Each structure stands twice: as C-alpha cells, then as structure tokens.
Amino acid sequence: MKNIKNIIKKSCLLGIATLVAANIFPMRMSEASKKSLQSYVQKQKQQQKPQYFIHEMNDESNGIWVDKEVAEKCRSIKAMVEDLGGRANNIPLNVPIHIIKLVFGILAGAVDVDDLSFEELIDVANACNFLDVPEDKMKSVLAEIKEVIDRDVENIVRNAVLKKLNFDLQKLVMTEPVISCLKDCVAQKYTKNRGKRLIDRSLHVDTLAISPDGTKIIAGYVGYPLNLMICDISNLNNIISHFLGAPFNITSVVFSPDGKYCISSSYDYFILAQTSELILWNISDLNNITHQALDIAVQDRIKLLAFSSNDKRFFSCGSKLIAWDISNPNNITHQELLGDLQDPVVLSPDGIILASGMLNNDNVTLWDVRGSKAIPYAQIGEKNFGKINHLAFSVNGKNIVSVGDKLILWNISDLNNITGKVLIDDVTQLSINCLILSHDGKKIALGYREGFVLLDINNPNNRLGIDKIGEVSMLAFTPDNKQIITQRGDVHETNLILWTLLSDQEDTLLKQIQNYNIDQVLLIYQWCLQASKKQSITLKKGSEEQKIFMTLPEDMQKLLTDLFLPKGWLFGWWS
C-alpha cells in the first residue's frame with residue numbers, strides 16, 4: 001500500500017491525481033451490496049456529526065456525505081485536509097460513485113465484503129490502495145479476493161478481472177500463499193521418504209525438547225544408569241550423542257531460552273516418598289557438561305518444565321505449579337503458586353499465562369503466573385465444545401489450540417472476550433496423543449496411533465498425513481519449521497526420527513518466487529490448488545500455461561514437473 005501524500009501535495013483540491021482509467025470500474029453492483037449501501041447512505045443523511053462530501057470528479061451531484069472520523073481513516077484524505085489547513089469539506093475523487101460508497105461503507109462497518117461481487121472487490125481494492133485505508137480493512141478485502149480466486153481454480157491464469165487489480169496488490173495477495181501452498185505440495189510429495197533415525201539404538205523416550213537454535217535435542221528415556229541423552233544435530237551426517245545419568249525416571253526436560261542450560265526432572269515411582277528431583281545442566285560446552293542438583297525435592301510427579309523469557313525463572317508443574325528463581329545459582333529458591341491441578345497443562349512462551357485443567361472443573365483456566373501467587377484470568381471451553389485433552393500455545397501467546405472431541409482454535413488476545421473456532425468437528429477416531437504448533441503459527445501437528453498429521457491452521461482441510469509409521473506419542477518442530485521430530489511408542493525400535501518437510505535447497509528455490517512476475521506466480525498457484533483438489537494437470541503446446549511455464553527458471557520447471565506433471569508429459573507436449 002503506497003502512501004500518496006506527496007502526490008496530494010502537488011494536487012489542488014479539484015485535481016486529485018487519477019486513480020485508474022475509468023473503464024476499470026464497471027458500473028454494476030451486486031444486489032447484496034445495493035441493499036447494504038441503501039441503508040448506509042440513508043443513515044449518513046440523518047447524521048449530525050462533522051462530515052465531508054465526497055463525490056465523483058467534476059460531478060458534485062454524484063456524491064455521499066461521510067463522517068469525518070470515517071473519511072480520515074484514509075491516510076491520503078487526512079493528509080490532504082491537513083495540507084489545506086483543515087478547511088476542506090468537499091472532496092472529489094476520480095472514482096465512480098458506487099465504488100466510493102462501497103469503500104466508505106466498508107470503513108464504517110456498514111458493508112460486508114462478503115456481499116461484493118468479484119468485480120466490485122477488485123475495484124474496491126484499487127480504491128483502498130489509492131486512499132491508503134487502514135491495514136485491517138485492506139486485508140479483509142484482499143482475503144475475500146483470494147477466497148474467490150481459490151474457488152475458480154482452473155482459470156486463475158486466465159482471469160481477466162484479476163488482472164485489473166493493481167500489480168502490487170496482485171503480488172501481495174498471491175506471493176505468500178503461493179510459497180506456502182508449494183511448501184505443502186513439496187512436503188506431501190517427499191516427506192515420507194525423508195525420515196532419518198537420530199540414534200542407532202532402541203530407546204523408549206518419555207520426554208523430548210529441541211534447543212532454541214535447533215542444533216540440539218535432549219531426550220529422557222527409560223534406562224539405567226544413563227537415562228538422559230543430548231544430541232548435537234547441527235550436522236545430520238554426523239550426529240553426536242552424549243548420554244548422561246539422572247536419578248530415577250526422567251519425566252520432563254526443557255532448554256533455557258539462550259540454549260546454554262537445560263533442566264530435567266526425574267521421579268521415583270517406588271519409594272514411599274514418591275519425590276521428584278530437578279537437575280540444572282550446563283550444556284554450553286557439550287564436551288564438558290556440568291550439572292547442579294536442586295537441593296529441594298518435590299513431592300509431586302512433574303509433568304511440565306518451562307522457562308520464563310528472561311532465563312532467571314522456571315516453572316515445574318505436576319499437581320502443583322512451582323516457580324523457581326535461579327538468578328543466583330548459589331541460592332536457588334522456589335515458591336508454590338498454585339495447587340490441585342490436573343491435565344492438560346501448558347505455559348505460554350513468555351512465561352506469563354498458565355493454561356490448566358482444575359479438579360472437578362470441565363473447563364480450562366488461564367492463570368497469570370508472574371507474581372507470588374497465580375491469579376485466574378479467564379476460562380476457555382464450554383459444554384458445546386466438548387472435552388479438552390491437549391493444549392498448545394502459539395509462539396506469540398495470542399492463540400491456544402485444544403484437542404479433545406474437537407480441534408479448536410482459541411483467540412485469547414482479549415482475555416475479556418475469548419472466542420473459539422472449531423477447526424475439525426470430530427477427531428475422536430484418530431486417538432490423538434499429542435499436539436504442537438509450528439513456530440510460525442501456521443501449522444498444527446497431531447500425533448496419533450498410526451503416525452502424525454500436519455494441518456494448515458487457516459485451512460484445516462489441507463492436511464499432510466504421515467501414517468503407517470507406528471504410534472506417535474511426542475512431536476517437536478525445529479525452530480525453522482522445516483523439520484519435525486517424532487517419538488514412536490514402540491519400545492523395541494529406534495523411535496526418534498527427524499522428518500524433513502522442506503530441504504534447504506527447496507527453501508532457497510521457493511524464496512525466489514518473491515521475484516517472479518505475477519503470471520508465473522498465478523500459474524504455480526493454479527497448479528498447487530488443482531493438485532490439492534486431486535485434479536489432473538496438463539500442459540498443452542501453445543497454451544497460455546505452457547508459454548508462462550517456459551519463462552520460469554530451469555530449477556523451478558524441474559520441481560513443478562516432478563510435483564505436478566504426469567510422466568511422459570514432455571513427449572506428449574512436443575507431439
């Protein structure tokens with residue numbers, strides 16, 4: 001979106017720079033938008049608030065009164081009024097009146113973009129770009145344009161109406177979805193054959209974590225006397241494992257945010273005291289790992305360890321939530337913040353919010369854990385959402401995904417107005433064991449009895465299933481989201497496997513799409529969508545698609561051929 005303040009400064013009030021040629025605005029309106037506008041215009045006539053009269057260029061009879069506070073949401077109009085000393089109240093635009101009405105109807109919340117025809121959406125987007133409207137309003141228009149494009153899969157490249165959209169907006173609408181969609185196609189095609197065993201021995205892993213920089217993993221497993229393993233995976237062709245020992249059985253592990261430390265908890269199931277012990281490991285030098293046992297044993301089976309964002313505090317959670325202050329290694333202290341907890345339990349990445357089940361309560365409670373006592377924020381979950389078994393926070397802490405009978409995305413950005421959106425209505429048949437979110441917040445990974453599945457959070461029907469590999473009980477994304485580690489439930493087999501979703505070479509190739517022209521981007525997107533809908537893809541000699549395809553870089557042609565085109569297509573094309 002371009003700021004046109006400099007253009008307006010050079011223009012007089014009656015000579016605002018032309019937006020687009022007049023023929024880009026066809027004079028037709030959908031019935032739904034007509035009804036919305038009739039109501040909006042009538043209400044504007046009755047308003048007593050300060051207003052601007054905004055009309056077609058050179059035709060003051062074709063205009064609309066708009067509240068100043070609504071009109072000045074457009075940064076270009078606000079800048080123009082300021083440049084004229086605030087005296088303007090009559091504003092001409094070289095835009096048809098029905099598009100002017102739609103734009104300001106949308107800005108006032110009186111017109112729903114869902115009611116607009118595709119032609120109207122394109123015209124409105126061009127006008128919004130010129131007027132420099134608020135980002136959220138522009139996003140809603142562009143999102144609706146993309147939805148329409150997705151429904152007309154076979155004609156994306158040939159869509160004449162789409163080509164009227166401002167070039168920069170075309171790139172904005174399409175480039176990121178194309179890269180994301182092509183990533184999914186690559187993962188769908190290749191992931192199942194890219195599983196790499198991280199260790200050459202049979203270990204029954206109970207807990208797993210990946211370092212913040214993605215170069216190390218730590219795993220606690222059933223074993224004696226060595227029951228903790230740290231692997232350097234910075235070079236997958238030379239994985240180096242370090243085996244350590246902790247008392248009893250490892251129940252949880254976590255890396256510090258700077259990656260220099262990790263903490264393990266272990267639990268004795270057999271002695272009457274049934275206590276957990278905590279060990280702080282210094283792993284800044286893997287050739288000289290040191291450790292410090294916390295002197296205070298906890299009479300509780302710890303199921304979750306989590307650091308706060310400042311490295312000075314970490315939390316242990318079993319049936320109780322305890323905060324540990326490790327700012328002074330010679331004087332580590334702890335304080336119980338909350339008791340009587342039950343699963344599921346998860347802490348936000350910034351260490352501020354705990355989401356937990358409570359005894360005798362079907363809902364999940366959100367707690368503020370920054371102080372000396374946990375303070376309840378709010379609750380999520382209602383009867384119509386069903387039972388909740390697993391929870392995961394997004395990296396930005398604004399969303400929670402829950403799994404029980406349903407897969408639900410919760411928006412907790414406003415704790416006074418928490419909303420839930422059902423992504424999948426029934427997941428009971430999968431028997432979900434674990435749930436995580438990718439670091440970019442775009443993917444959900446679910447481990448179940450036959451393998452794991454990746455879901456697009458914005459389109460949960462877009463699924464990548466890696467099945468028939470055995471039950472997956474633990475998952476972890478690498479920080480770059482290009483790989484995922486799974487832990488299998490079979491104690492008799494090597495069960496830590498790293499799956500590559502996107503190789504470094506493919507990642508570099510996909511990033512270059514940002515430099516492609518819009519026709520190239522549209523062709524790739526069209527094929528990605530056709531493939532997701534199981535539609536056959538052909539490339540006929542002399543077709544528009546073939547001409548665009550031949551302009552692509554050779555390595556992209558090779559990738560697209562392998563992903564989408566049937567074997568022998570080249571022979572058929574030349575024949």
# chains A, B, ... in the order shown; residues from 1 in each chain; ligands from 1
call {"tool": "select_by_dssp", "arguments": {"residues": "segment 123-340 of chain A", "states": "strand (DSSP E or B)", "output": "number ranges by chain"}}
result
A: 195-197, 205-210, 216-221, 228-232, 240-244, 249-255, 261-267, 276-282, 290-293, 298, 304-307, 313-317, 321-325, 333-338
call {"tool": "residues_around", "arguments": {"residues": "Asn282 of chain A", "least_positions_apart": "6", "cutoff": "8 Å", "atoms": "only C-alpha atoms", "output": "MDAnalysis selection string"}}
result
chainID A and resid 260:262 289:291
call {"tool": "write_last_selection", "arguments": {"atoms": "C-alpha atoms", "output": "compact mmCIF listing (two decimals), in the first residue's frame"}}
result
# COMPACT_ATOMS: atom_id res chain seq x y z
CA LYS A 260 23.06 -22.78 27.35
CA TYR A 261 21.21 -24.76 30.02
CA CYS A 262 18.61 -27.45 30.30
CA ILE A 289 28.75 -30.82 30.55
CA THR A 290 28.31 -29.93 34.21
CA HIS A 291 25.26 -30.15 36.41
call {"tool": "closest_residue", "arguments": {"among": "A:Met229, A:Val427, A:Leu165, A:Ala531", "to": "Val453 of chain A", "atoms": "only C-alpha atoms"}}
result
A:Val427
call {"tool": "residues_around", "arguments": {"residues": "segment 395-411 of chain A", "least_positions_apart": "2", "cutoff": "7 Å", "atoms": "only C-alpha atoms", "output": "PyMOL selection string"}}
result
chain A and resi 348-349+385-393+413+418-428+439+441
call {"tool": "write_last_selection", "arguments": {"atoms": "N, CA and C atoms", "output": "short mmCIF file (atom, residue, chain, number, x, y, z; two decimals), in the first residue's frame"}}
result
data_model
loop_
_atom_site.label_atom_id
_atom_site.label_comp_id
_atom_site.auth_asym_id
_atom_site.auth_seq_id
_atom_site.Cartn_x
_atom_site.Cartn_y
_atom_site.Cartn_z
N SER A 348 2.48 -20.41 28.49
CA SER A 348 2.72 -19.56 27.33
C SER A 348 4.22 -19.35 27.14
N PRO A 349 4.67 -19.11 25.91
CA PRO A 349 6.11 -18.95 25.64
C PRO A 349 6.78 -17.84 26.43
N PHE A 385 -18.36 -27.30 23.25
CA PHE A 385 -17.07 -27.54 22.63
C PHE A 385 -16.51 -28.93 22.99
N GLY A 386 -17.10 -29.59 23.95
CA GLY A 386 -16.66 -30.93 24.31
C GLY A 386 -15.44 -30.93 25.21
N LYS A 387 -14.96 -32.14 25.50
CA LYS A 387 -13.84 -32.35 26.40
C LYS A 387 -12.53 -31.85 25.78
N ILE A 388 -11.60 -31.38 26.64
CA ILE A 388 -10.28 -30.93 26.19
C ILE A 388 -9.21 -31.81 26.83
N ASN A 389 -8.38 -32.46 25.96
CA ASN A 389 -7.34 -33.36 26.46
C ASN A 389 -5.93 -32.80 26.31
N HIS A 390 -5.71 -32.00 25.25
CA HIS A 390 -4.37 -31.48 24.96
C HIS A 390 -4.48 -30.00 24.59
N LEU A 391 -3.43 -29.24 24.96
CA LEU A 391 -3.38 -27.81 24.67
C LEU A 391 -2.02 -27.44 24.10
N ALA A 392 -1.99 -26.39 23.28
CA ALA A 392 -0.71 -25.84 22.79
C ALA A 392 -0.88 -24.36 22.56
N PHE A 393 0.11 -23.57 22.99
CA PHE A 393 0.13 -22.13 22.77
C PHE A 393 0.79 -21.82 21.42
N SER A 413 -6.29 -13.11 22.63
CA SER A 413 -5.64 -11.80 22.61
C SER A 413 -6.38 -10.80 23.48
N ILE A 418 -12.78 -14.02 24.95
CA ILE A 418 -12.13 -15.20 24.36
C ILE A 418 -13.12 -15.89 23.43
N THR A 419 -12.68 -16.17 22.22
CA THR A 419 -13.54 -16.83 21.25
C THR A 419 -12.90 -18.13 20.78
N GLY A 420 -13.74 -19.08 20.43
CA GLY A 420 -13.27 -20.37 19.95
C GLY A 420 -13.81 -20.68 18.56
N LYS A 421 -12.95 -21.20 17.70
CA LYS A 421 -13.34 -21.58 16.35
C LYS A 421 -13.03 -23.06 16.15
N VAL A 422 -14.05 -23.85 15.84
CA VAL A 422 -13.87 -25.28 15.62
C VAL A 422 -13.20 -25.50 14.27
N LEU A 423 -12.02 -26.10 14.29
CA LEU A 423 -11.30 -26.40 13.06
C LEU A 423 -11.69 -27.76 12.49
N ILE A 424 -11.83 -28.74 13.37
CA ILE A 424 -12.32 -30.06 12.97
C ILE A 424 -13.35 -30.48 14.01
N ASP A 425 -14.52 -30.88 13.55
CA ASP A 425 -15.64 -31.13 14.46
C ASP A 425 -15.49 -32.42 15.25
N ASP A 426 -14.80 -33.42 14.70
CA ASP A 426 -14.68 -34.70 15.40
C ASP A 426 -13.31 -35.31 15.09
N VAL A 427 -12.46 -35.41 16.12
CA VAL A 427 -11.14 -36.03 15.95
C VAL A 427 -10.99 -37.26 16.83
N THR A 428 -12.09 -37.74 17.37
CA THR A 428 -12.02 -38.86 18.32
C THR A 428 -11.50 -40.13 17.68
N HIS A 439 6.40 -22.97 14.83
CA HIS A 439 6.90 -21.73 15.40
C HIS A 439 6.36 -20.49 14.68
N GLY A 441 3.29 -20.38 13.66
CA GLY A 441 1.87 -20.36 13.97
C GLY A 441 0.97 -20.77 12.83
#
call {"tool": "select_by_dssp", "arguments": {"residues": "segment 46-261 of chain A", "states": "helix (DSSP H, G or I)", "output": "PyMOL selection string"}}
result
chain A and resi 46+68-71+75-83+97-107+113-115+118-131+135-151+153-155+162-164+167-193
call {"tool": "write_last_selection", "arguments": {"atoms": "C-alpha atoms", "output": "PDB file, in the first residue's frame"}}
result
ATOM      1  CA  GLN A  46     -29.513  11.666   9.172  1.00  0.00           C
ATOM      2  CA  LYS A  68     -15.029  12.960   9.111  1.00  0.00           C
ATOM      3  CA  GLU A  69     -13.767  10.343  11.561  1.00  0.00           C
ATOM      4  CA  VAL A  70     -14.503   7.635   8.966  1.00  0.00           C
ATOM      5  CA  ALA A  71     -13.090   9.576   5.996  1.00  0.00           C
ATOM      6  CA  ARG A  75      -4.399   8.449   5.345  1.00  0.00           C
ATOM      7  CA  SER A  76      -4.410  10.160   1.947  1.00  0.00           C
ATOM      8  CA  ILE A  77      -7.574  12.146   2.736  1.00  0.00           C
ATOM      9  CA  LYS A  78      -6.306  13.045   6.193  1.00  0.00           C
ATOM     10  CA  ALA A  79      -3.006  14.266   4.718  1.00  0.00           C
ATOM     11  CA  MET A  80      -4.799  16.329   2.086  1.00  0.00           C
ATOM     12  CA  VAL A  81      -7.049  18.024   4.642  1.00  0.00           C
ATOM     13  CA  GLU A  82      -4.043  18.795   6.848  1.00  0.00           C
ATOM     14  CA  ASP A  83      -2.156  20.282   3.894  1.00  0.00           C
ATOM     15  CA  ILE A  97     -19.749   6.883  -7.015  1.00  0.00           C
ATOM     16  CA  HIS A  98     -20.806   3.299  -6.350  1.00  0.00           C
ATOM     17  CA  ILE A  99     -17.174   2.383  -5.545  1.00  0.00           C
ATOM     18  CA  ILE A 100     -16.837   5.459  -3.311  1.00  0.00           C
ATOM     19  CA  LYS A 101     -19.943   4.359  -1.431  1.00  0.00           C
ATOM     20  CA  LEU A 102     -18.684   0.799  -1.066  1.00  0.00           C
ATOM     21  CA  VAL A 103     -15.269   1.888   0.239  1.00  0.00           C
ATOM     22  CA  PHE A 104     -16.671   4.171   2.920  1.00  0.00           C
ATOM     23  CA  GLY A 105     -19.419   1.696   3.724  1.00  0.00           C
ATOM     24  CA  ILE A 106     -16.719  -0.876   4.466  1.00  0.00           C
ATOM     25  CA  LEU A 107     -14.700   1.615   6.533  1.00  0.00           C
ATOM     26  CA  VAL A 113     -17.015  -7.570   1.869  1.00  0.00           C
ATOM     27  CA  ASP A 114     -18.711 -10.977   1.564  1.00  0.00           C
ATOM     28  CA  ASP A 115     -21.598  -9.238  -0.219  1.00  0.00           C
ATOM     29  CA  PHE A 118     -15.581 -10.145  -7.680  1.00  0.00           C
ATOM     30  CA  GLU A 119     -15.544  -7.085  -9.960  1.00  0.00           C
ATOM     31  CA  GLU A 120     -16.536  -4.869  -7.033  1.00  0.00           C
ATOM     32  CA  LEU A 121     -13.837  -6.406  -4.837  1.00  0.00           C
ATOM     33  CA  ILE A 122     -11.164  -5.631  -7.425  1.00  0.00           C
ATOM     34  CA  ASP A 123     -12.376  -2.031  -7.853  1.00  0.00           C
ATOM     35  CA  VAL A 124     -12.673  -1.513  -4.103  1.00  0.00           C
ATOM     36  CA  ALA A 125      -9.173  -2.909  -3.519  1.00  0.00           C
ATOM     37  CA  ASN A 126      -7.705  -0.497  -6.089  1.00  0.00           C
ATOM     38  CA  ALA A 127      -9.541   2.427  -4.489  1.00  0.00           C
ATOM     39  CA  CYS A 128      -8.486   1.364  -0.972  1.00  0.00           C
ATOM     40  CA  ASN A 129      -4.887   1.151  -2.122  1.00  0.00           C
ATOM     41  CA  PHE A 130      -5.075   4.683  -3.542  1.00  0.00           C
ATOM     42  CA  LEU A 131      -6.789   6.086  -0.442  1.00  0.00           C
ATOM     43  CA  GLU A 135      -4.362  -2.209   7.066  1.00  0.00           C
ATOM     44  CA  ASP A 136      -7.069  -4.389   8.628  1.00  0.00           C
ATOM     45  CA  LYS A 137      -9.667  -3.127   6.144  1.00  0.00           C
ATOM     46  CA  MET A 138      -7.386  -3.719   3.182  1.00  0.00           C
ATOM     47  CA  LYS A 139      -6.588  -7.205   4.457  1.00  0.00           C
ATOM     48  CA  SER A 140     -10.280  -8.094   4.678  1.00  0.00           C
ATOM     49  CA  VAL A 141     -10.808  -7.066   1.031  1.00  0.00           C
ATOM     50  CA  LEU A 142      -7.728  -8.921  -0.188  1.00  0.00           C
ATOM     51  CA  ALA A 143      -8.650 -12.022   1.807  1.00  0.00           C
ATOM     52  CA  GLU A 144     -12.053 -12.091   0.135  1.00  0.00           C
ATOM     53  CA  ILE A 145     -10.411 -11.696  -3.282  1.00  0.00           C
ATOM     54  CA  LYS A 146      -8.212 -14.702  -2.534  1.00  0.00           C
ATOM     55  CA  GLU A 147     -11.240 -16.769  -1.480  1.00  0.00           C
ATOM     56  CA  VAL A 148     -12.884 -16.059  -4.811  1.00  0.00           C
ATOM     57  CA  ILE A 149      -9.672 -16.962  -6.659  1.00  0.00           C
ATOM     58  CA  ASP A 150      -9.463 -20.262  -4.765  1.00  0.00           C
ATOM     59  CA  ARG A 151     -12.981 -21.212  -5.887  1.00  0.00           C
ATOM     60  CA  VAL A 153      -9.069 -22.920  -9.615  1.00  0.00           C
ATOM     61  CA  GLU A 154      -8.886 -23.812 -13.278  1.00  0.00           C
ATOM     62  CA  ASN A 155      -8.994 -20.226 -14.565  1.00  0.00           C
ATOM     63  CA  LEU A 162      -7.999 -10.357 -11.555  1.00  0.00           C
ATOM     64  CA  LYS A 163      -5.525  -8.762 -13.962  1.00  0.00           C
ATOM     65  CA  LYS A 164      -7.236  -5.379 -13.335  1.00  0.00           C
ATOM     66  CA  PHE A 167       0.098  -5.029  -9.732  1.00  0.00           C
ATOM     67  CA  ASP A 168       1.493  -4.546  -6.231  1.00  0.00           C
ATOM     68  CA  LEU A 169      -1.750  -5.848  -4.760  1.00  0.00           C
ATOM     69  CA  GLN A 170      -1.673  -8.893  -7.008  1.00  0.00           C
ATOM     70  CA  LYS A 171       1.752  -9.742  -5.616  1.00  0.00           C
ATOM     71  CA  LEU A 172       0.569  -9.050  -2.083  1.00  0.00           C
ATOM     72  CA  VAL A 173      -2.473 -11.309  -2.444  1.00  0.00           C
ATOM     73  CA  MET A 174      -0.723 -14.181  -4.165  1.00  0.00           C
ATOM     74  CA  THR A 175       3.002 -14.438  -3.397  1.00  0.00           C
ATOM     75  CA  GLU A 176       2.899 -15.629   0.217  1.00  0.00           C
ATOM     76  CA  PRO A 177       0.017 -18.099  -0.383  1.00  0.00           C
ATOM     77  CA  VAL A 178       1.873 -19.493  -3.408  1.00  0.00           C
ATOM     78  CA  ILE A 179       5.033 -20.121  -1.373  1.00  0.00           C
ATOM     79  CA  SER A 180       3.025 -21.665   1.460  1.00  0.00           C
ATOM     80  CA  CYS A 181       0.985 -23.825  -0.900  1.00  0.00           C
ATOM     81  CA  LEU A 182       4.060 -25.038  -2.764  1.00  0.00           C
ATOM     82  CA  LYS A 183       5.726 -25.919   0.554  1.00  0.00           C
ATOM     83  CA  ASP A 184       2.745 -28.139   1.325  1.00  0.00           C
ATOM     84  CA  CYS A 185       2.998 -29.828  -2.072  1.00  0.00           C
ATOM     85  CA  VAL A 186       6.715 -30.481  -1.530  1.00  0.00           C
ATOM     86  CA  ALA A 187       6.058 -31.917   1.930  1.00  0.00           C
ATOM     87  CA  GLN A 188       3.204 -34.060   0.620  1.00  0.00           C
ATOM     88  CA  LYS A 189       5.406 -35.469  -2.138  1.00  0.00           C
ATOM     89  CA  TYR A 190       8.684 -36.096  -0.333  1.00  0.00           C
ATOM     90  CA  THR A 191       8.382 -36.134   3.485  1.00  0.00           C
ATOM     91  CA  LYS A 192       7.531 -39.781   3.941  1.00  0.00           C
ATOM     92  CA  ASN A 193      10.795 -40.790   2.271  1.00  0.00           C
TER      93      ASN A 193
END
call {"tool": "residues_around", "arguments": {"residues": "Thr478 of chain A", "least_positions_apart": "4", "cutoff": "8 Å", "atoms": "only C-alpha atoms", "output": "PyMOL selection string"}}
result
chain A and resi 210+214+482-485
call {"tool": "closest_residue", "arguments": {"among": "A:Ile250, A:Val95, A:Asn235, A:Ile156", "to": "Ile518 of chain A", "atoms": "only C-alpha atoms"}}
result
A:Ile156
call {"tool": "atom_distance", "arguments": {"atom1": "atom CA of Ile54 of chain A", "atom2": "atom CA of Ala108 of chain A"}}
result
14.4 Å
call {"tool": "residues_around", "arguments": {"residues": "Ser308 of chain A", "least_positions_apart": "3", "cutoff": "7 Å", "atoms": "only C-alpha atoms", "output": "PyMOL selection string"}}
result
chain A and resi 311+313-314+350-351
call {"tool": "residues_around", "arguments": {"residues": "Phe248 of chain A", "least_positions_apart": "3", "cutoff": "7 Å", "atoms": "only C-alpha atoms", "output": "PyMOL selection string"}}
result
chain A and resi 266-268
call {"tool": "write_last_selection", "arguments": {"atoms": "C-alpha atoms", "output": "PDB file, in the first residue's frame"}}
result
ATOM      1  CA  SER A 266      13.004 -37.279  37.463  1.00  0.00           C
ATOM      2  CA  TYR A 267      10.511 -39.216  39.564  1.00  0.00           C
ATOM      3  CA  ASP A 268      10.785 -42.241  41.849  1.00  0.00           C
TER       4      ASP A 268
END
call {"tool": "residues_around", "arguments": {"residues": "segment 534-539 of chain A", "least_positions_apart": "4", "cutoff": "10 Å", "atoms": "only C-alpha atoms", "output": "PyMOL selection string"}}
result
chain A and resi 153-154+526-530+543-547+549+564-566+569-570+572-573
call {"tool": "atom_distance", "arguments": {"atom1": "atom CA of Phe53 of chain A", "atom2": "atom CA of Pro96 of chain A"}}
result
14.4 Å
call {"tool": "closest_residue", "arguments": {"among": "A:Leu354, A:Leu415, A:Leu559, A:Ala323", "to": "Glu506 of chain A", "atoms": "only C-alpha atoms"}}
result
A:Leu559
call {"tool": "atom_distance", "arguments": {"atom1": "atom CA of Gly381 of chain A", "atom2": "atom CA of Ser356 of chain A"}}
result
11.5 Å
call {"tool": "decode", "arguments": {"residues": "segment 373-443 of chain A", "atoms": "C-alpha atoms", "output": "short mmCIF file (atom, residue, chain, number, x, y, z; two decimals), in the first residue's frame"}}
result
data_model
loop_
_atom_site.label_atom_id
_atom_site.label_comp_id
_atom_site.auth_asym_id
_atom_site.auth_seq_id
_atom_site.Cartn_x
_atom_site.Cartn_y
_atom_site.Cartn_z
CA LYS A 373 0.52 -16.40 43.52
CA ALA A 374 -1.30 -17.48 40.37
CA ILE A 375 -4.26 -15.23 39.60
CA PRO A 376 -7.11 -16.55 37.43
CA TYR A 377 -7.51 -14.61 34.16
CA ALA A 378 -10.35 -16.38 32.40
CA GLN A 379 -11.70 -19.75 31.33
CA ILE A 380 -11.94 -21.41 27.96
CA GLY A 381 -14.20 -24.27 26.98
CA GLU A 382 -17.91 -24.77 27.20
CA LYS A 383 -20.16 -27.79 27.05
CA ASN A 384 -20.82 -27.42 23.34
CA PHE A 385 -17.07 -27.54 22.63
CA GLY A 386 -16.66 -30.93 24.31
CA LYS A 387 -13.84 -32.35 26.40
CA ILE A 388 -10.28 -30.93 26.19
CA ASN A 389 -7.34 -33.36 26.46
CA HIS A 390 -4.37 -31.48 24.96
CA LEU A 391 -3.38 -27.81 24.67
CA ALA A 392 -0.71 -25.84 22.79
CA PHE A 393 0.13 -22.13 22.77
CA SER A 394 1.08 -20.19 19.66
CA VAL A 395 4.53 -18.60 19.83
CA ASN A 396 3.05 -15.10 20.13
CA GLY A 397 0.81 -16.26 23.00
CA LYS A 398 -2.36 -14.89 21.35
CA ASN A 399 -3.85 -18.27 20.45
CA ILE A 400 -4.35 -21.67 22.02
CA VAL A 401 -5.21 -24.83 20.14
CA SER A 402 -7.06 -27.55 22.03
CA VAL A 403 -7.85 -31.16 21.21
CA GLY A 404 -10.47 -33.35 22.78
CA ASP A 405 -13.57 -34.37 20.92
CA LYS A 406 -12.92 -31.40 18.60
CA LEU A 407 -9.92 -29.46 17.34
CA ILE A 408 -10.44 -25.82 18.37
CA LEU A 409 -8.52 -22.59 17.86
CA TRP A 410 -8.97 -20.12 20.73
CA ASN A 411 -8.24 -16.42 20.35
CA ILE A 412 -7.07 -15.15 23.74
CA SER A 413 -5.64 -11.80 22.61
CA ASP A 414 -8.52 -10.17 24.53
CA LEU A 415 -8.95 -12.10 27.77
CA ASN A 416 -12.29 -10.39 28.32
CA ASN A 417 -13.61 -11.74 25.04
CA ILE A 418 -12.13 -15.20 24.36
CA THR A 419 -13.54 -16.83 21.25
CA GLY A 420 -13.27 -20.37 19.95
CA LYS A 421 -13.34 -21.58 16.35
CA VAL A 422 -13.87 -25.28 15.62
CA LEU A 423 -11.30 -26.40 13.06
CA ILE A 424 -12.32 -30.06 12.97
CA ASP A 425 -15.64 -31.13 14.46
CA ASP A 426 -14.68 -34.70 15.40
CA VAL A 427 -11.14 -36.03 15.95
CA THR A 428 -12.02 -38.86 18.32
CA GLN A 429 -11.34 -41.56 15.72
CA LEU A 430 -7.68 -40.51 15.46
CA SER A 431 -6.99 -41.11 19.17
CA ILE A 432 -4.76 -38.05 19.46
CA ASN A 433 -1.70 -38.48 21.71
CA CYS A 434 -0.03 -35.07 21.36
CA LEU A 435 -0.43 -31.63 19.86
CA ILE A 436 2.03 -28.87 18.90
CA LEU A 437 2.02 -25.66 16.85
CA SER A 438 4.75 -24.68 14.40
CA HIS A 439 6.90 -21.73 15.40
CA ASP A 440 5.37 -19.52 12.71
CA GLY A 441 1.87 -20.36 13.97
CA LYS A 442 0.72 -21.65 10.58
CA LYS A 443 0.73 -25.42 11.15
#
